[in-house]
Amino acid sequence: MEKTSNWEPKIVAFLCNWCSYAGADLAGVSRLQYGTNIRIIRVPCSGRINPLYIVRALQNGADGVLVSGCHPGDCHYISGNLVAKRKFAVMRRLLTYIGIEPERVQFSWVSASEGNRFAALMNKVIADIRKIGPSKKLVKDIY
Amino acid sequence: MKNIEKRIRYIAKELFEKGKIELFIGYEAATLPLKSRPYFIQSKEGAVGSVSSPVANLVWNSFCSNNLAVFLPKLFEIDPRSRRKDPNLKPKIAIVAKGCDLRSITTLIKEKQVPRENVVIIGVPCTGMIDKDKVEALFSGDEIISAEERDGLLTVNTRKGVKREIKRQDVLQECCNECCCPLPPPESTDILIEGKAKEPVHGGYAEVQEFESRTPEERWDYFKQEMSKCIRCNACRQACPTCWCKECFADQDDLRWIGVSTELSDTMIFHLIRIFHQAGRCVSCDACYRACPMGVDLRTFTRNIVKDVDELFGYVPDFNLEEIPPLSTFKEGDSEEFITEPEE
């Protein structure tokens with residue numbers, strides 16, 4: 001966790017299996033260029049993501065967390081992302097309330113056919129996190 | 001107050017005599033002044049008119065701040081060794097419920113932790129409870145040896161012989177000052193004791209709004225300062241009526257989510273997730289806040305989740321058994337303002 005001038009942000013991305021992960025695949029096979037700062041974790045559905053995962057990622061030294069699922073209405077499990085949306089709205093407000101930068105934790109929707117959107121989203125998230133710098137809050141010291 | 005106390009005793013006695021309940025949960029006077037504690041009467045102890053009958057120990061005063069709903073999930077837990085489906089196996093329990101207790105019970109009924117037909121809810125109009133810490137702060141270290149309450153005045157005697165009268169309104173708990181529900185509605189209770197309740201306050205989020213107006217760094221510093229006091233005793237979790245998970249995420253060791261020590265980031269995550277789990281369920285009874293032995297200001301943070309859920313989904317946990325908890329459902333027009341859109 002050296003916070004030197006050549007610091008590169010580490011971003012954990014939770015992507016749903018059916019849309020966003022496929023979108024990331026499409027971005028890859030279409031050879032779209034985007035930053036290499038993300039580490040993708042594939043989950044069955046955005047509704048599967050426990051807010052605990054997000055804070056755990058921050059605790060373990062991630063500089064940013066992105067959660068992405070199917071567009072509302074397109075969920076493979078009908079309504080997983082709609083329930084998730086409510087959860088994230090509350091969680092994001094709670095994190096902002098205690099003083100964590102709102103850019104640290106971001107949410108978006110990417111469908112399987114939106115390789116371009118995925119690449120653009122990654123670039124935006126990376127740029128946002130570069131702007132706010134390395135994460136110091138919630139990080140566990142012993143790591 | 002005395003009338004309510006008499007009514008509670010009378011109702012308890014009657015319920016036992018008619019054999020309608022096996023357990024009565026109310027309050028008794030504690031050994032320290034300015035305190036009442038939960039009191040359980042089992043049917044075998046009998047309620048039949050003798051002087052030493054346990055029913056005579058039941059009290060109702062301005063110190064009955066405990067949220068009694070906290071005991072219900074455990075009492076209704078089905079023993080996994082006897083998985084019989086007979087509903088009669090569950091005990092019949094009568095419980096004294098203020099507005100906040102009843103809102104907790106409603107949440108528990110919705111979450112299928114309490115069978116409605118097995119509880120006899122005795123609704124009590126609440127005029128707000130007295131905060132012991134606030135009273136003690138007035139006497140700067142002097143020990144309070146007795147306290148008596150009459151007509152909105154609290155007469156306190158201290159060890160050094162000071163006798164002072166304090167206005168009740170000045171020493172009410174913070175949560176009572178912004179209580180939206182001091183009077184349980186008659187349709188949600190089985191027996192409603194008549195009496196005057198405090199005026200309800202709607203949308204009392206002044207404290208949270210004040211905190212929100214500070215800069216992120218100030219907020220973070222305050223959060224850090226409060227969390228560093230925590231000793232991870234889990235009293236806040238145990239005192240909370242809606243924290244009924246059989247295995248808490250903080251106790252899981254098959255998959256150890258967070259450390260058990262008082263390491264600061266572990267403590268923060270414990271509290272963040274504990275508070276998040278209260279979304280749409282917290283009734284602002286401040287049981288966690290009172291239970292904390294280290295005086296952590298949990299109120300500022302827990303109250304925020306109530307406000308957020310109210311603002312985002314227009315939901316405040318109330319007495320309505322039909323309304324679906326906000327995080328188990330969704331609506332078409334749910335806010336999308338927080339979704340990141342990439343720049344094209």
# chains A, B, ... in the order shown; residues from 1 in each chain; ligands from 1

call {"tool": "residues_around", "arguments": {"residues": "B:Phe330", "least_positions_apart": "5", "cutoff": "12 Å", "atoms": "only C-alpha atoms", "output": "list of chain:residue names"}}
result
A:Pro72, A:Gly73, A:Ile78, A:Ser79, A:Gly80, A:Asn81, A:Leu82, A:Val83, A:Ala84, A:Lys85, A:Arg86, A:Lys87, A:Ala89, B:Leu312, B:Phe313, B:Ile324, B:Pro325, B:Ser335

call {"tool": "residues_around", "arguments": {"residues": "A:His71", "least_positions_apart": "3", "cutoff": "7 Å", "atoms": "only C-alpha atoms", "output": "list in words"}}
result
Asp74, Cys75, Trp109, Val110 and Ser111 of chain A

call {"tool": "write_last_selection", "arguments": {"atoms": "N, CA and C atoms", "output": "PDB file, in the first residue's frame"}}
result
ATOM      1  N   ASP A  74     -34.288  -5.757 -17.069  1.00  0.00           N
ATOM      2  CA  ASP A  74     -33.639  -6.805 -17.861  1.00  0.00           C
ATOM      3  C   ASP A  74     -33.035  -7.910 -17.013  1.00  0.00           C
ATOM      4  N   CYS A  75     -33.296  -7.891 -15.722  1.00  0.00           N
ATOM      5  CA  CYS A  75     -32.616  -8.835 -14.833  1.00  0.00           C
ATOM      6  C   CYS A  75     -32.954 -10.283 -15.217  1.00  0.00           C
ATOM      7  N   TRP A 109     -25.373   0.323 -14.636  1.00  0.00           N
ATOM      8  CA  TRP A 109     -25.989  -0.791 -15.367  1.00  0.00           C
ATOM      9  C   TRP A 109     -25.282  -0.920 -16.705  1.00  0.00           C
ATOM     10  N   VAL A 110     -24.896  -2.136 -17.043  1.00  0.00           N
ATOM     11  CA  VAL A 110     -24.302  -2.395 -18.354  1.00  0.00           C
ATOM     12  C   VAL A 110     -24.939  -3.673 -18.888  1.00  0.00           C
ATOM     13  N   SER A 111     -25.428  -3.644 -20.105  1.00  0.00           N
ATOM     14  CA  SER A 111     -26.023  -4.868 -20.651  1.00  0.00           C
ATOM     15  C   SER A 111     -24.978  -5.624 -21.465  1.00  0.00           C
TER      16      SER A 111
END

call {"tool": "select_by_dssp", "arguments": {"residues": "stretch 29-66 of chain A", "states": "strand (DSSP E)", "output": "VMD selection string"}}
result
chain A and resid 38 to 43 64 to 66

call {"tool": "atom_distance", "arguments": {"atom1": "atom CA of B:Cys288", "atom2": "atom CA of B:Gln238"}}
result
8.1 Å

call {"tool": "select_by_dssp", "arguments": {"residues": "stretch 20-142 of chain A", "states": "alpha helix (DSSP H)", "output": "PyMOL selection string"}}
result
chain A and resi 20-29+51-59+80-97+115-132

call {"tool": "write_last_selection", "arguments": {"atoms": "C-alpha atoms", "output": "PDB file, in the first residue's frame"}}
result
ATOM      1  CA  SER A  20     -22.236  -6.659 -17.075  1.00  0.00           C
ATOM      2  CA  TYR A  21     -19.757  -9.519 -17.123  1.00  0.00           C
ATOM      3  CA  ALA A  22     -20.801 -10.330 -20.672  1.00  0.00           C
ATOM      4  CA  GLY A  23     -20.490  -6.610 -21.432  1.00  0.00           C
ATOM      5  CA  ALA A  24     -16.921  -6.710 -20.144  1.00  0.00           C
ATOM      6  CA  ASP A  25     -16.292  -9.739 -22.345  1.00  0.00           C
ATOM      7  CA  LEU A  26     -17.638  -7.879 -25.340  1.00  0.00           C
ATOM      8  CA  ALA A  27     -15.436  -4.899 -24.589  1.00  0.00           C
ATOM      9  CA  GLY A  28     -12.510  -7.329 -24.535  1.00  0.00           C
ATOM     10  CA  VAL A  29     -13.279  -9.171 -27.759  1.00  0.00           C
ATOM     11  CA  PRO A  51     -23.196  -4.314   1.094  1.00  0.00           C
ATOM     12  CA  LEU A  52     -20.727  -6.033   3.394  1.00  0.00           C
ATOM     13  CA  TYR A  53     -18.723  -7.038   0.282  1.00  0.00           C
ATOM     14  CA  ILE A  54     -18.369  -3.402  -0.636  1.00  0.00           C
ATOM     15  CA  VAL A  55     -17.057  -2.265   2.727  1.00  0.00           C
ATOM     16  CA  ARG A  56     -14.844  -5.344   2.940  1.00  0.00           C
ATOM     17  CA  ALA A  57     -13.270  -4.386  -0.376  1.00  0.00           C
ATOM     18  CA  LEU A  58     -12.590  -0.901   0.975  1.00  0.00           C
ATOM     19  CA  GLN A  59     -11.203  -2.373   4.188  1.00  0.00           C
ATOM     20  CA  GLY A  80     -32.832  -8.861  -8.497  1.00  0.00           C
ATOM     21  CA  ASN A  81     -31.389  -5.585  -9.687  1.00  0.00           C
ATOM     22  CA  LEU A  82     -34.455  -3.608  -8.654  1.00  0.00           C
ATOM     23  CA  VAL A  83     -34.188  -4.807  -5.073  1.00  0.00           C
ATOM     24  CA  ALA A  84     -30.435  -4.235  -5.269  1.00  0.00           C
ATOM     25  CA  LYS A  85     -31.010  -0.666  -6.391  1.00  0.00           C
ATOM     26  CA  ARG A  86     -32.889   0.100  -3.183  1.00  0.00           C
ATOM     27  CA  LYS A  87     -30.160  -1.504  -1.102  1.00  0.00           C
ATOM     28  CA  PHE A  88     -27.422   0.454  -2.818  1.00  0.00           C
ATOM     29  CA  ALA A  89     -29.289   3.733  -2.556  1.00  0.00           C
ATOM     30  CA  VAL A  90     -29.397   3.308   1.227  1.00  0.00           C
ATOM     31  CA  MET A  91     -25.829   2.029   1.528  1.00  0.00           C
ATOM     32  CA  ARG A  92     -24.380   4.811  -0.584  1.00  0.00           C
ATOM     33  CA  ARG A  93     -26.144   7.439   1.477  1.00  0.00           C
ATOM     34  CA  LEU A  94     -24.896   5.830   4.676  1.00  0.00           C
ATOM     35  CA  LEU A  95     -21.298   5.815   3.440  1.00  0.00           C
ATOM     36  CA  THR A  96     -21.556   9.425   2.316  1.00  0.00           C
ATOM     37  CA  TYR A  97     -23.089  10.345   5.652  1.00  0.00           C
ATOM     38  CA  GLY A 115     -19.139  -3.150 -24.736  1.00  0.00           C
ATOM     39  CA  ASN A 116     -18.643   0.519 -25.539  1.00  0.00           C
ATOM     40  CA  ARG A 117     -20.570   1.605 -22.507  1.00  0.00           C
ATOM     41  CA  PHE A 118     -18.530  -0.723 -20.336  1.00  0.00           C
ATOM     42  CA  ALA A 119     -15.231   0.709 -21.576  1.00  0.00           C
ATOM     43  CA  ALA A 120     -16.481   4.281 -21.159  1.00  0.00           C
ATOM     44  CA  LEU A 121     -17.795   3.494 -17.685  1.00  0.00           C
ATOM     45  CA  MET A 122     -14.460   2.030 -16.620  1.00  0.00           C
ATOM     46  CA  ASN A 123     -12.612   5.079 -17.859  1.00  0.00           C
ATOM     47  CA  LYS A 124     -15.000   7.348 -15.987  1.00  0.00           C
ATOM     48  CA  VAL A 125     -14.723   5.398 -12.732  1.00  0.00           C
ATOM     49  CA  ILE A 126     -10.922   5.259 -12.974  1.00  0.00           C
ATOM     50  CA  ALA A 127     -10.768   8.998 -13.670  1.00  0.00           C
ATOM     51  CA  ASP A 128     -13.082   9.718 -10.716  1.00  0.00           C
ATOM     52  CA  ILE A 129     -10.950   7.684  -8.331  1.00  0.00           C
ATOM     53  CA  ARG A 130      -7.720   9.178  -9.639  1.00  0.00           C
ATOM     54  CA  LYS A 131      -9.178  12.576  -8.814  1.00  0.00           C
ATOM     55  CA  ILE A 132      -9.942  11.754  -5.188  1.00  0.00           C
TER      56      ILE A 132
END

call {"tool": "interface_residues", "arguments": {"of": "chain B", "to": "chain A", "cutoff": "7 Å", "atoms": "only C-alpha atoms", "output": "MDAnalysis selection string"}}
result
chainID B and resid 212 216:217 219:220 223 265 269 273 276 308 327:330 338:344

call {"tool": "closest_residue", "arguments": {"among": "B:Ala56, B:Leu89, B:Ala97, B:Leu102", "to": "B:Ile25", "atoms": "only C-alpha atoms"}}
result
B:Ala97

call {"tool": "residues_around", "arguments": {"residues": "stretch 116-131 of chain B", "least_positions_apart": "6", "cutoff": "9 Å", "atoms": "only C-alpha atoms", "output": "PyMOL selection string"}}
result
chain B and resi 4+8+11+20-21+34+61-65+87-88+90-99+102+106+109+168-177+179+181-186+188-199

call {"tool": "write_last_selection", "arguments": {"atoms": "C-alpha atoms", "output": "PDB file, in the first residue's frame"}}
result
ATOM      1  CA  ILE B   4     -51.983   2.925  34.300  1.00  0.00           C
ATOM      2  CA  ILE B   8     -51.585  -3.186  34.097  1.00  0.00           C
ATOM      3  CA  ILE B  11     -55.068  -6.908  33.396  1.00  0.00           C
ATOM      4  CA  LYS B  20     -55.138 -16.886  28.606  1.00  0.00           C
ATOM      5  CA  ILE B  21     -51.390 -16.460  28.935  1.00  0.00           C
ATOM      6  CA  LEU B  34     -34.336   6.330  37.967  1.00  0.00           C
ATOM      7  CA  ASN B  61     -43.376   5.019  35.502  1.00  0.00           C
ATOM      8  CA  SER B  62     -41.138   7.353  33.532  1.00  0.00           C
ATOM      9  CA  PHE B  63     -38.182   4.999  33.681  1.00  0.00           C
ATOM     10  CA  CYS B  64     -39.661   2.111  31.672  1.00  0.00           C
ATOM     11  CA  SER B  65     -37.470   2.841  28.688  1.00  0.00           C
ATOM     12  CA  PRO B  87     -49.097 -23.780  16.799  1.00  0.00           C
ATOM     13  CA  ASN B  88     -50.274 -24.449  20.349  1.00  0.00           C
ATOM     14  CA  LYS B  90     -45.733 -21.783  21.167  1.00  0.00           C
ATOM     15  CA  PRO B  91     -46.308 -19.935  24.410  1.00  0.00           C
ATOM     16  CA  LYS B  92     -49.002 -17.359  24.872  1.00  0.00           C
ATOM     17  CA  ILE B  93     -47.369 -14.146  25.979  1.00  0.00           C
ATOM     18  CA  ALA B  94     -48.789 -10.847  27.137  1.00  0.00           C
ATOM     19  CA  ILE B  95     -46.553  -7.846  26.733  1.00  0.00           C
ATOM     20  CA  VAL B  96     -46.721  -4.255  27.862  1.00  0.00           C
ATOM     21  CA  ALA B  97     -46.093  -2.114  24.809  1.00  0.00           C
ATOM     22  CA  LYS B  98     -45.410   1.571  24.410  1.00  0.00           C
ATOM     23  CA  GLY B  99     -45.597   3.021  20.922  1.00  0.00           C
ATOM     24  CA  LEU B 102     -45.409  -1.955  19.441  1.00  0.00           C
ATOM     25  CA  THR B 106     -45.183  -5.109  14.289  1.00  0.00           C
ATOM     26  CA  ILE B 109     -44.701 -10.045  13.191  1.00  0.00           C
ATOM     27  CA  ARG B 168     -39.961  16.187  33.390  1.00  0.00           C
ATOM     28  CA  GLN B 169     -39.768  17.716  29.917  1.00  0.00           C
ATOM     29  CA  ASP B 170     -36.214  18.908  30.496  1.00  0.00           C
ATOM     30  CA  VAL B 171     -34.808  15.449  31.089  1.00  0.00           C
ATOM     31  CA  LEU B 172     -36.669  13.354  28.527  1.00  0.00           C
ATOM     32  CA  GLN B 173     -34.688  11.035  26.283  1.00  0.00           C
ATOM     33  CA  GLU B 174     -33.726  12.465  22.908  1.00  0.00           C
ATOM     34  CA  CYS B 175     -35.684   9.770  21.097  1.00  0.00           C
ATOM     35  CA  CYS B 176     -38.795  10.663  23.088  1.00  0.00           C
ATOM     36  CA  ASN B 177     -38.457  14.311  22.137  1.00  0.00           C
ATOM     37  CA  CYS B 179     -41.215  10.443  18.959  1.00  0.00           C
ATOM     38  CA  CYS B 181     -45.925   7.427  17.938  1.00  0.00           C
ATOM     39  CA  PRO B 182     -46.443   7.773  21.712  1.00  0.00           C
ATOM     40  CA  LEU B 183     -49.962   6.350  21.535  1.00  0.00           C
ATOM     41  CA  PRO B 184     -50.455   2.817  20.194  1.00  0.00           C
ATOM     42  CA  PRO B 185     -53.535   2.719  17.949  1.00  0.00           C
ATOM     43  CA  PRO B 186     -56.421   0.662  19.392  1.00  0.00           C
ATOM     44  CA  SER B 188     -53.159  -2.816  16.687  1.00  0.00           C
ATOM     45  CA  THR B 189     -53.471  -3.686  20.345  1.00  0.00           C
ATOM     46  CA  ASP B 190     -55.526  -6.299  22.145  1.00  0.00           C
ATOM     47  CA  ILE B 191     -56.069  -4.153  25.197  1.00  0.00           C
ATOM     48  CA  LEU B 192     -55.433  -0.433  25.127  1.00  0.00           C
ATOM     49  CA  ILE B 193     -55.103   1.324  28.429  1.00  0.00           C
ATOM     50  CA  GLU B 194     -56.643   4.755  28.341  1.00  0.00           C
ATOM     51  CA  GLY B 195     -54.659   7.794  29.237  1.00  0.00           C
ATOM     52  CA  LYS B 196     -52.956  10.865  27.934  1.00  0.00           C
ATOM     53  CA  ALA B 197     -49.940  10.452  25.681  1.00  0.00           C
ATOM     54  CA  LYS B 198     -47.277  12.862  24.542  1.00  0.00           C
ATOM     55  CA  GLU B 199     -47.936  14.937  21.434  1.00  0.00           C
TER      56      GLU B 199
END

call {"tool": "atom_distance", "arguments": {"atom1": "atom CA of B:Ile105", "atom2": "atom CA of B:Ala69"}}
result
5.7 Å

call {"tool": "closest_residue", "arguments": {"among": "B:Gly152, B:Pro200, B:Gly295, B:Pro38", "to": "B:Val70", "atoms": "only C-alpha atoms"}}
result
B:Pro38

call {"tool": "closest_residue", "arguments": {"among": "A:Val65, A:Glu114, A:Arg42, A:Ile49", "to": "A:Leu15", "atoms": "only C-alpha atoms"}}
result
A:Arg42

call {"tool": "closest_residue", "arguments": {"among": "A:Pro134, A:Pro44, A:Gly35, A:Gly64", "to": "A:Trp18", "atoms": "only C-alpha atoms"}}
result
A:Pro44

call {"tool": "closest_residue", "arguments": {"among": "B:Cys240, B:Thr302, B:Gln42, B:Ser213", "to": "B:Ala287", "atoms": "only C-alpha atoms"}}
result
B:Cys240

call {"tool": "atom_distance", "arguments": {"atom1": "atom CA of B:Gly26", "atom2": "atom CA of B:Pro54"}}
result
11.1 Å

call {"tool": "residues_around", "arguments": {"residues": "A:Ile41", "least_positions_apart": "4", "cutoff": "8 Å", "atoms": "only C-alpha atoms", "output": "short mmCIF file (atom, residue, chain, number, x, y, z; two decimals) with C-alpha atoms, in the first residue's frame"}}
result
data_model
loop_
_atom_site.label_atom_id
_atom_site.label_comp_id
_atom_site.auth_asym_id
_atom_site.auth_seq_id
_atom_site.Cartn_x
_atom_site.Cartn_y
_atom_site.Cartn_z
CA VAL A 12 -12.87 -3.84 -7.46
CA ALA A 13 -15.77 -4.36 -9.84
CA PHE A 14 -18.64 -6.65 -8.93
CA LEU A 15 -20.28 -7.59 -12.22
#

call {"tool": "closest_residue", "arguments": {"among": "B:Phe249, B:Tyr27, B:Phe301, B:Phe139", "to": "B:Cys282", "atoms": "only C-alpha atoms"}}
result
B:Phe301
